[in-house]
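Structure below is target_13.txt: compact mmCIF, C-alpha atoms and all ligand atoms.
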# COMPACT_ATOMS: atom_id res chain seq x y z
CA MET A 1492 50.15 121.10 57.22
CA ARG A 1493 53.16 118.91 56.59
CA THR A 1494 55.18 119.58 59.71
CA ASP A 1495 54.52 120.95 63.16
CA ASN A 1496 58.15 121.53 64.08
CA PRO A 1497 58.58 125.28 64.66
CA ASN A 1498 62.40 125.16 64.47
CA LEU A 1499 64.68 125.76 61.52
CA SER A 1500 67.59 123.62 60.42
CA GLU A 1501 71.13 124.95 60.89
CA GLU A 1502 71.31 125.62 57.14
CA GLY A 1503 67.99 127.47 57.06
CA LEU A 1504 68.94 129.54 60.06
CA GLN A 1505 72.24 130.63 58.51
CA ASP A 1506 70.57 131.48 55.20
CA ILE A 1507 68.06 133.75 56.94
CA ILE A 1508 70.71 135.43 59.13
CA ASP A 1509 72.83 136.10 56.02
CA TYR A 1510 69.82 137.67 54.32
CA LEU A 1511 69.03 139.87 57.34
CA ARG A 1512 72.65 141.10 57.66
CA ALA A 1513 72.92 141.80 53.93
CA ASN A 1514 69.76 143.93 54.12
CA GLY A 1515 70.56 145.80 57.31
CA LEU A 1516 67.74 144.20 59.30
CA ALA A 1517 67.93 143.58 63.05
CA VAL A 1518 69.05 139.99 63.75
CA ALA A 1519 67.98 138.35 67.01
CA ALA A 1520 70.80 138.33 69.57
CA ARG A 1521 70.60 134.54 69.68
CA PRO A 1522 68.86 132.25 67.14
CA ASN A 1523 65.23 131.91 68.14
CA THR A 1524 64.11 128.38 68.92
CA TRP A 1525 60.82 127.10 70.26
CA LYS A 1526 59.93 124.20 72.45
CA THR A 1527 58.06 121.63 70.38
CA LYS A 1528 54.76 120.29 71.62
CA ASP A 1529 54.88 116.79 73.07
CA SER A 1530 52.85 115.59 70.14
CA ALA A 1531 55.01 117.22 67.47
CA GLN A 1532 56.48 115.02 64.80
CA GLY A 1533 60.00 116.38 64.80
CA ALA A 1534 61.12 114.62 61.64
CA HIS A 1535 60.99 117.76 59.48
CA GLU A 1536 62.23 121.26 60.10
CA ALA A 1537 59.77 124.15 60.00
CA ILE A 1538 58.47 125.22 56.62
CA ARG A 1539 60.73 127.95 55.23
CA PRO A 1540 61.83 129.44 51.92
CA THR A 1541 64.75 127.55 50.36
CA HIS A 1542 66.61 130.84 49.90
CA ALA A 1543 65.58 133.80 52.02
CA ALA A 1544 66.92 136.14 49.34
CA GLU A 1545 64.05 135.07 47.09
CA CYS A 1546 61.37 137.46 48.33
CA GLN A 1547 58.84 136.36 45.75
CA ALA A 1548 57.97 133.03 44.22
CA GLY A 1549 54.98 131.16 42.88
CA ALA A 1550 53.09 130.98 39.62
CA GLY A 1551 49.72 132.55 40.46
CA GLY A 1552 48.34 134.99 43.00
CA GLU A 1553 47.50 132.31 45.57
CA GLU A 1554 50.91 130.65 45.32
CA GLN A 1555 52.64 134.00 45.65
CA ALA A 1556 50.53 134.95 48.65
CA LEU A 1557 51.32 131.62 50.32
CA TYR A 1558 55.03 131.99 49.62
CA LYS A 1559 54.98 135.53 50.99
CA LEU A 1560 53.29 134.34 54.17
CA ILE A 1561 55.89 131.61 54.70
CA TRP A 1562 58.75 133.90 53.77
CA GLN A 1563 57.66 136.63 56.20
CA ARG A 1564 57.09 134.28 59.10
CA ALA A 1565 60.34 132.39 58.57
CA VAL A 1566 62.52 135.46 58.11
CA ALA A 1567 60.84 137.49 60.87
CA SER A 1568 61.27 134.56 63.27
CA GLN A 1569 65.00 135.23 63.41
CA MET A 1570 64.79 138.98 63.88
CA ALA A 1571 65.11 141.04 67.05
CA ASN A 1572 62.05 141.62 69.23
CA ALA A 1573 59.95 144.70 68.70
CA GLN A 1574 59.92 146.97 71.76
CA PHE A 1575 57.15 149.14 73.04
CA ASP A 1576 56.56 151.70 75.74
CA VAL A 1577 53.28 150.82 77.35
CA THR A 1578 51.09 153.48 78.92
CA GLU A 1579 48.24 152.47 81.16
CA VAL A 1580 45.63 154.98 82.25
CA ARG A 1581 43.18 154.36 85.08
CA LEU A 1582 40.14 156.59 85.31
CA GLU A 1583 37.83 156.63 88.26
CA GLY A 1584 34.24 157.84 87.96
CA ASN A 1585 32.93 160.06 90.76
CA VAL A 1586 29.30 158.96 90.40
CA PRO A 1587 28.26 155.58 91.79
CA VAL A 1588 27.19 153.01 89.26
CA PRO A 1589 23.64 151.67 89.79
CA ILE A 1590 24.86 148.05 89.92
CA ASP A 1591 26.62 147.91 93.28
CA ASN A 1592 27.04 151.60 94.13
CA LYS A 1593 30.77 151.64 93.63
CA PRO A 1594 32.56 154.20 91.51
CA ALA A 1595 33.15 152.98 87.97
CA LEU A 1596 36.76 152.18 87.03
CA PHE A 1597 38.11 152.38 83.52
CA VAL A 1598 41.44 151.16 82.23
CA ALA A 1599 43.00 152.00 78.88
CA LYS A 1600 46.31 150.77 77.52
CA GLY A 1601 48.35 152.39 74.82
CA GLU A 1602 51.61 151.39 73.19
CA THR A 1603 54.30 153.40 71.49
CA ILE A 1604 56.87 151.51 69.49
CA THR A 1605 60.49 152.20 70.47
CA ALA A 1606 62.32 149.57 68.41
CA LYS A 1607 60.64 148.00 65.40
CA GLY A 1608 62.59 144.75 65.43
CA TRP A 1609 60.85 142.13 63.29
CA MET A 1610 57.99 144.50 62.62
CA ALA A 1611 60.26 146.45 60.28
CA LEU A 1612 60.13 143.48 57.94
CA THR A 1613 56.37 143.07 57.85
CA GLU A 1614 56.03 146.83 57.43
CA ALA A 1615 58.44 146.95 54.50
CA HIS A 1616 56.60 144.15 52.73
CA GLU A 1617 53.09 145.18 53.61
CA GLU A 1618 51.25 147.48 51.23
CA ASN A 1619 48.54 147.74 53.87
CA GLU A 1620 48.66 151.27 55.21
CA ASN A 1621 47.14 150.23 58.51
CA GLN A 1622 50.33 148.49 59.58
CA THR A 1623 51.91 151.61 61.00
CA ALA A 1624 53.77 151.97 64.26
CA GLU A 1625 51.07 154.23 65.68
CA PRO A 1626 48.63 152.39 67.91
CA ALA A 1627 45.04 152.40 66.72
CA GLN A 1628 43.87 154.09 69.91
CA ALA A 1629 46.65 156.37 71.03
CA ILE A 1630 46.40 157.56 74.61
CA PRO A 1631 46.68 161.33 75.02
CA ALA A 1632 49.23 162.79 77.42
CA LEU A 1633 47.59 162.93 80.87
CA LYS A 1634 48.60 164.03 84.35
CA THR A 1635 47.52 162.47 87.62
CA GLY A 1636 44.44 164.26 88.85
CA ASP A 1637 43.22 165.43 85.42
CA ALA A 1638 39.40 165.37 85.34
CA PHE A 1639 37.04 164.96 82.40
CA ASP A 1640 33.37 165.49 81.93
CA CYS A 1641 31.58 162.57 80.42
CA LYS A 1642 28.24 160.85 80.52
CA GLY A 1643 27.75 157.13 80.52
CA VAL A 1644 24.94 154.62 80.57
CA CYS A 1645 24.84 151.12 81.99
CA ILE A 1646 24.22 148.62 79.23
CA ALA A 1647 22.17 145.56 80.07
CA LYS A 1648 24.30 143.03 78.25
CA GLN A 1649 23.80 139.32 78.17
CA THR A 1650 26.40 136.76 77.32
CA THR A 1651 25.72 134.58 74.30
CA PRO A 1652 26.44 130.87 74.08
CA PRO A 1653 29.67 129.88 72.35
CA SER A 1654 29.29 129.81 68.59
CA ARG A 1655 29.61 126.64 66.53
CA TYR A 1656 33.03 125.55 65.39
CA THR A 1657 34.41 126.58 62.06
CA GLU A 1658 36.83 124.12 60.48
CA ALA A 1659 39.81 126.16 61.69
CA ALA A 1660 38.41 126.51 65.22
CA LEU A 1661 37.74 122.78 65.39
CA VAL A 1662 41.29 121.95 64.34
CA LYS A 1663 42.55 124.35 66.99
CA LYS A 1664 40.40 122.63 69.62
CA LEU A 1665 41.63 119.19 68.51
CA GLU A 1666 45.19 120.44 68.78
CA GLU A 1667 44.47 121.74 72.28
CA LEU A 1668 43.03 118.37 73.31
CA GLY A 1669 45.96 116.48 71.81
CA ILE A 1670 43.72 114.70 69.32
CA GLY A 1671 44.99 114.13 65.80
CA ARG A 1672 48.15 115.21 64.10
CA PRO A 1673 48.75 117.81 61.38
CA SER A 1674 48.61 114.93 58.92
CA SER A 1675 45.21 113.75 60.15
CA TYR A 1676 43.23 116.96 60.73
CA ALA A 1677 42.13 117.15 57.10
CA THR A 1678 40.87 113.55 57.28
CA ILE A 1679 38.96 114.20 60.50
CA VAL A 1680 37.23 117.28 59.11
CA GLY A 1681 36.71 115.48 55.79
CA ASN A 1682 34.89 112.64 57.55
CA LEU A 1683 32.60 115.07 59.35
CA LYS A 1684 31.73 116.82 56.08
CA SER A 1685 31.57 113.69 53.95
CA PRO A 1686 28.36 113.68 51.86
CA VAL A 1687 28.08 109.96 52.58
CA ARG A 1688 28.15 110.36 56.37
CA HIS A 1689 26.33 113.70 56.27
CA TYR A 1690 27.02 114.55 59.91
CA VAL A 1691 27.39 118.30 59.44
CA ILE A 1692 26.72 120.98 56.88
CA ILE A 1693 28.71 124.19 56.49
CA ASN A 1694 26.35 127.07 57.17
CA ALA A 1695 26.50 130.60 55.80
CA LYS A 1696 28.87 131.63 58.60
CA ARG A 1697 31.25 128.82 57.58
CA GLN A 1698 30.43 126.98 60.79
CA LEU A 1699 29.97 123.23 61.06
CA GLU A 1700 26.30 122.70 61.81
CA PRO A 1701 25.11 119.22 62.79
CA THR A 1702 22.48 117.59 60.59
CA ASP A 1703 19.64 115.53 62.05
CA ARG A 1704 21.85 112.54 61.49
CA GLY A 1705 24.72 114.22 63.31
CA PHE A 1706 22.46 114.83 66.31
CA ALA A 1707 21.15 111.26 66.12
CA VAL A 1708 24.67 109.77 66.07
CA VAL A 1709 25.72 111.80 69.10
CA ASP A 1710 22.45 111.00 70.82
CA GLU A 1711 22.95 107.31 70.17
CA LEU A 1712 26.56 107.17 71.34
CA VAL A 1713 26.77 109.63 74.22
CA GLY A 1714 25.88 107.91 77.46
CA LYS A 1715 26.93 104.49 76.22
CA LYS A 1716 30.17 105.02 78.12
CA PHE A 1717 32.49 103.94 75.35
CA SER A 1718 35.99 105.03 76.24
CA PHE A 1719 36.80 105.61 72.56
CA LEU A 1720 34.39 108.54 72.68
CA GLU A 1721 36.39 110.25 75.40
CA TYR A 1722 39.08 112.78 74.54
CA PRO A 1723 41.93 111.00 76.34
CA TYR A 1724 41.35 107.80 74.35
CA THR A 1725 42.53 109.23 71.03
CA ARG A 1726 45.32 111.11 72.74
CA HIS A 1727 46.61 107.93 74.38
CA LEU A 1728 46.23 105.93 71.20
CA GLU A 1729 48.25 108.47 69.26
CA THR A 1730 50.94 108.49 71.91
CA GLY A 1731 50.99 104.69 71.57
CA LEU A 1732 51.32 104.99 67.79
CA ASP A 1733 54.23 107.37 68.27
CA GLN A 1734 55.83 104.76 70.53
CA VAL A 1735 55.32 102.12 67.84
CA ALA A 1736 56.92 104.48 65.33
CA ALA A 1737 59.83 105.05 67.70
CA GLY A 1738 60.21 101.31 68.23
CA THR A 1739 59.55 101.40 71.98
CA LYS A 1740 56.28 99.46 71.69
CA THR A 1741 55.05 96.72 69.36
CA TYR A 1742 51.87 97.23 67.40
CA GLN A 1743 50.56 93.92 68.78
CA ALA A 1744 50.83 95.29 72.33
CA LEU A 1745 49.09 98.52 71.34
CA LEU A 1746 46.24 96.87 69.47
CA GLY A 1747 45.93 94.22 72.20
CA GLU A 1748 45.29 96.91 74.82
CA ALA A 1749 42.82 98.78 72.64
CA TRP A 1750 40.95 95.60 71.74
CA ALA A 1751 40.73 94.45 75.38
CA VAL A 1752 39.05 97.72 76.36
CA LEU A 1753 36.65 97.68 73.42
CA LYS A 1754 35.71 94.04 74.05
CA THR A 1755 34.83 94.74 77.68
CA GLU A 1756 32.75 97.74 76.73
CA LEU A 1757 30.90 95.94 73.95
CA ALA A 1758 30.08 93.11 76.34
CA ARG A 1759 28.77 95.58 78.90
CA MET A 1760 26.63 97.30 76.27
CA HIS A 1761 25.22 93.90 75.34
CA ASP A 1762 24.40 93.10 78.98
CA GLU A 1763 22.71 96.42 79.55
CA GLY A 1764 20.53 95.93 76.51
CA ARG A 1765 20.31 97.99 73.37
CA GLY A 1766 18.11 100.99 72.82
CA GLU A 1767 18.55 102.28 76.31
CA PRO A 1768 17.78 105.98 76.40
CA ALA A 1769 20.82 108.17 76.05
CA GLN A 1770 21.93 109.64 79.35
CA ALA A 1771 21.95 113.39 79.48
CA GLY A 1772 25.67 113.88 79.76
CA ASP A 1773 27.62 116.98 78.90
CA GLY A 1774 24.81 118.63 77.03
CA THR A 1775 25.53 116.91 73.72
CA ALA A 1776 22.58 114.57 74.16
CA HIS A 1777 19.92 116.84 72.77
CA PHE A 1778 16.85 114.80 73.34
CA LYS A 1779 15.54 111.85 75.24
CA ARG A 1780 13.79 108.92 73.69
CA GLN A 1781 10.42 107.67 74.79
CA THR A 1782 8.75 104.44 73.87
CA VAL A 1783 5.49 104.87 71.99
CA ALA A 1784 3.10 102.54 73.81
CA GLU A 1785 1.17 100.01 71.70
CA ALA A 1786 3.00 100.90 68.49
CA ARG A 1787 4.94 98.13 66.79
CA CYS A 1788 7.51 98.13 64.01
CA ARG A 1789 7.07 95.85 61.01
CA CYS A 1790 9.83 93.72 62.63
CA GLY A 1791 7.84 93.44 65.87
CA GLY A 1792 10.08 95.85 67.79
CA THR A 1793 8.82 98.72 69.93
CA ILE A 1794 8.92 102.25 68.53
CA GLU A 1795 10.88 105.03 70.17
CA LYS A 1796 10.09 108.68 69.77
CA SER A 1797 12.53 111.58 69.92
CA PRO A 1798 11.69 115.19 69.06
CA LYS A 1799 13.15 114.62 65.61
CA ALA A 1800 12.13 111.11 64.66
CA TRP A 1801 10.34 107.86 65.33
CA SER A 1802 12.56 104.82 65.15
CA CYS A 1803 12.91 101.13 65.91
CA PRO A 1804 16.01 100.27 67.92
CA ASP A 1805 15.77 96.63 66.78
CA CYS A 1806 15.90 96.96 62.99
CA LYS A 1807 17.08 100.59 62.94
CA ALA A 1808 14.15 101.72 60.81
CA ILE A 1809 13.67 105.46 61.16
CA VAL A 1810 11.13 108.08 60.09
CA TRP A 1811 12.22 111.70 60.55
CA ASN A 1812 9.61 114.26 61.55
CA THR A 1813 10.12 116.08 58.26
CA ILE A 1814 10.29 114.33 54.91
CA ALA A 1815 11.04 116.38 51.80
CA SER A 1816 10.04 119.55 53.68
CA LEU A 1817 6.69 118.03 54.71
CA PRO A 1818 6.04 117.75 58.47
CA ILE A 1819 5.16 114.16 59.38
CA ASP A 1820 2.69 113.45 62.16
CA GLU A 1821 2.90 110.50 64.53
CA LYS A 1822 0.06 108.57 62.89
CA THR A 1823 1.83 108.69 59.52
CA ALA A 1824 5.21 107.79 61.03
CA LEU A 1825 3.81 104.80 62.94
CA ALA A 1826 1.97 103.57 59.85
CA LEU A 1827 5.18 103.74 57.80
CA LEU A 1828 7.13 101.90 60.51
CA ALA A 1829 4.39 99.28 60.65
CA GLY A 1830 5.15 98.60 56.98
CA GLU A 1831 2.40 100.54 55.23
CA ARG A 1832 2.85 102.32 51.90
CA LEU A 1833 1.33 105.79 52.00
CA LYS A 1834 0.58 108.12 49.14
CA MET A 1835 1.65 111.59 50.22
CA ASP A 1836 1.02 114.97 48.58
CA GLY A 1837 2.77 118.23 49.36
CA LEU A 1838 6.33 116.91 49.32
CA GLN A 1839 8.97 119.28 48.02
CA SER A 1840 12.18 118.61 46.10
CA LYS A 1841 15.47 120.25 47.16
CA ALA A 1842 14.94 122.73 44.34
CA GLY A 1843 11.56 123.63 45.84
CA LYS A 1844 9.44 121.74 43.31
CA PRO A 1845 6.29 120.16 44.81
CA PHE A 1846 5.67 116.46 44.17
CA SER A 1847 3.60 113.49 45.30
CA ALA A 1848 4.95 110.03 46.02
CA THR A 1849 4.22 106.77 47.77
CA LEU A 1850 6.34 106.58 50.93
CA PHE A 1851 7.55 103.28 52.34
CA ILE A 1852 10.41 101.93 54.43
CA ASP A 1853 13.00 99.95 52.49
CA ASP A 1854 15.01 96.93 53.62
CA GLU A 1855 17.62 99.16 55.24
CA GLY A 1856 15.00 100.93 57.35
CA LYS A 1857 15.05 104.21 55.44
CA VAL A 1858 12.08 106.05 54.00
CA LYS A 1859 11.96 105.74 50.21
CA PHE A 1860 9.80 107.44 47.59
CA GLY A 1861 7.85 105.33 45.12
CA PHE A 1862 6.40 106.94 42.02
CA PHE A 1863 3.74 104.45 41.00
ZN ZN B 1901 12.01 97.26 63.60
Written as structure tokens, that's how I'd like the structure from this file.
Ligand SMILES: [Zn+2]
Amino acid sequence: MRTDNPNLSEEGLQDIIDYLRANGLAVAARPNTWKTKDSAQGAHEAIRPTHAAECQAGAGGEEQALYKLIWQRAVASQMANAQFDVTEVRLEGNVPVPIDNKPALFVAKGETITAKGWMALTEAHEENENQTAEPAQAIPALKTGDAFDCKGVCIAKQTTPPSRYTEAALVKKLEELGIGRPSSYATIVGNLKSPVRHYVIINAKRQLEPTDRGFAVVDELVGKKFSFLEYPYTRHLETGLDQVAAGTKTYQALLGEAWAVLKTELARMHDEGRGEPAQAGDGTAHFKRQTVAEARCRCGGTIEKSPKAWSCPDCKAIVWNTIASLPIDEKTALALLAGERLKMDGLQSKAGKPFSATLFIDDEGKVKFGFF
């Protein structure tokens, strides 16, 4: 992810065109160029093979596969378009559908390739037999008025909520929102996954799944109305950084603006008081906090309860509702927050080994295990 410029240099373009002509492949009528995104850093040309005539390069299997991918994309990008004949068939059912008593309509589309264009290249270099010109679902020859017998059933289908982001899907979303640059996506994802921050884990489906801490961070920040949490903030800041890079803005001016906004917002947060319950905003605030009446933290602060933890907004001490796989009840949590040391049995190590320990809250407000 070194460059996001989709266009080739003059030299690269000529090299590819020479290769295509020498091999009897269809060259695009005019060199293909693409409009760069506003955010694109145009300093580098698109990634391409140094010499298009080198169809293979790389030491190992992965390197060779990567080279092949780049080679194919770069060379194919300057070839003629593929052309298809498209057939669309509309079928009308003659029995009303139980939903709103209208006849059911069906549409099918089929394509037949008439000029392979760039696809000739991928085909020639693809061992995969599936990459043939025949469409996967060819449409049979039909005449208007042809009738078919068929039976159908109405399926009661429910939509499912959107799935969690994978790393690739998240980067795509960031790109869409104008947040980050190709050079910073890896850092952003790295921060989310960092074992120190522990905001998300990668689940079996390779999706980013928030940890309790991830939920707590969002819960704590959403509703505080910090502009740096909003999508446009990062986008504007990056535009500003581009302006600094281009010399049309000084970094003092940029940082001055950012600092002024942050200062105002911090002051407002201070005025409104800390520990205010998170506002239910866009659905990312998963739970509300309630104050546990009567209960006091060892620092004298009041205790707040969320479905996942008991905590003190003053000293940030926190007791999660599960410790080492053992469910923690409110009495235990409040006693720990009050500063008591409790001997607990039935704890379980990450490897599944049961153990006993004395639980207490350390100076940083986290539950610690004592073995004495
Ligand atoms: Zn406290």
All residues within 9 Å of ligand ZN 1901 (chain B) are required, counting only C-alpha atoms and all ligand atoms; please report them as a PyMOL selection string. chain A and resi 1787-1794+1802-1809+1828-1829+1856
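Using all atoms listed in the file, the protein and nucleic acid residues lying no more than 7 Å from A:Ala1537, apart from those fewer than 6 places from it along its own chain, are Thr1494, Asp1495, Asn1496, Pro1497, Asn1498 and Leu1499 of chain A.
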Export C-alpha atoms of the chosen residues as a tab-separated table (two decimals), in the coordinates of the input?
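File written: part_5.tsv
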chain	number	residue	atom	x	y	z
A	1494	THR	CA	55.18	119.58	59.71
A	1495	ASP	CA	54.52	120.95	63.16
A	1496	ASN	CA	58.15	121.53	64.08
A	1497	PRO	CA	58.58	125.28	64.66
A	1498	ASN	CA	62.40	125.16	64.47
A	1499	LEU	CA	64.68	125.76	61.52
Which of these, A:Thr1605, A:Thr1730, A:Ser1816, A:Thr1635, has the shortest distance to A:Leu1838 once you count only C-alpha atoms? A:Ser1816
Length of the atom CA of A:Leu1668 to atom CA of A:Pro1701 vector [Å]: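 Those two atoms sit 20.8 Å apart.
In this comparison, which uses all atoms listed in the file, the residue of A:Pro1818, A:Ala1659, A:His1689, A:Cys1546 approaching A:Ala1677 most closely is A:Ala1659.
Atom CA of A:Asp1762 to atom CA of A:Gly1714 spans 15.0 Å [interatomic distance, one decimal].
Atom CA of A:Arg1780 sits 9.9 Å away from atom CA of A:Glu1711.
Around A:Asp1640, within 10 Å and counting all atoms listed in the file, the residues found are Gly1584, Ala1638 and Lys1642 of chain A, once anything fewer than 2 positions away on its own chain is removed.
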Do a neighbour search on stretch 1568-1577 of chain A at 8 Å with only C-alpha atoms, toss out local chain neighbours closer than 5 positions, and write the hits as an MDAnalysis selection string. chainID A and resid 1504 1507:1508 1511 1516:1520 1522:1523 1600:1610
Please determine the residues with any atom at most 9 Å from (6.2, 105.8, 75.9) (coordinates as given in the file, with only C-alpha atoms counting) and report them as a ChimeraX atom specification. /A:1780-1785,1794-1796
Polymer residues at most 12 Å from A:Thr1813, all atoms listed in the file, same-chain spacing of 3 or more positions, as a count of residues only: 19
Which protein, DNA or RNA residues are at most 12 Å from (51.8, 131.4, 48.2) in the file's coordinates when you count all atoms listed in the file, listed as a PDB file with C-alpha atoms, keeping the file's coordinate frame?
ATOM      1  CA  ARG A1539      60.730 127.950  55.230  1.00  0.00           C
ATOM      2  CA  PRO A1540      61.830 129.440  51.920  1.00  0.00           C
ATOM      3  CA  CYS A1546      61.370 137.460  48.330  1.00  0.00           C
ATOM      4  CA  GLN A1547      58.840 136.360  45.750  1.00  0.00           C
ATOM      5  CA  ALA A1548      57.970 133.030  44.220  1.00  0.00           C
ATOM      6  CA  GLY A1549      54.980 131.160  42.880  1.00  0.00           C
ATOM      7  CA  ALA A1550      53.090 130.980  39.620  1.00  0.00           C
ATOM      8  CA  GLY A1551      49.720 132.550  40.460  1.00  0.00           C
ATOM      9  CA  GLY A1552      48.340 134.990  43.000  1.00  0.00           C
ATOM     10  CA  GLU A1553      47.500 132.310  45.570  1.00  0.00           C
ATOM     11  CA  GLU A1554      50.910 130.650  45.320  1.00  0.00           C
ATOM     12  CA  GLN A1555      52.640 134.000  45.650  1.00  0.00           C
ATOM     13  CA  ALA A1556      50.530 134.950  48.650  1.00  0.00           C
ATOM     14  CA  LEU A1557      51.320 131.620  50.320  1.00  0.00           C
ATOM     15  CA  TYR A1558      55.030 131.990  49.620  1.00  0.00           C
ATOM     16  CA  LYS A1559      54.980 135.530  50.990  1.00  0.00           C
ATOM     17  CA  LEU A1560      53.290 134.340  54.170  1.00  0.00           C
ATOM     18  CA  ILE A1561      55.890 131.610  54.700  1.00  0.00           C
ATOM     19  CA  TRP A1562      58.750 133.900  53.770  1.00  0.00           C
ATOM     20  CA  GLN A1563      57.660 136.630  56.200  1.00  0.00           C
TER      21      GLN A1563
END
Between A:Ser1840, A:Ser1674, A:Asn1514, A:Gln1698, which one has atoms that come closest to A:Pro1653, using only C-alpha atoms?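 Of all the options, A:Gln1698 lies closest to A:Pro1653.
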For a quick check of understanding, using all atoms listed in the file, which of A:Lys1634, A:His1727, A:Lys1834, A:His1542 has the smallest distance to A:Phe1862?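 Closest to A:Phe1862 of all the choices is A:Lys1834.
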Give the answer as one residue: which of A:Lys1593, A:Arg1672, A:Arg1655, A:Lys1857 has the shortest atom-to-atom distance to A:Thr1725, using all atoms listed in the file?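 Under the stated criterion, the closest residue is A:Arg1672.
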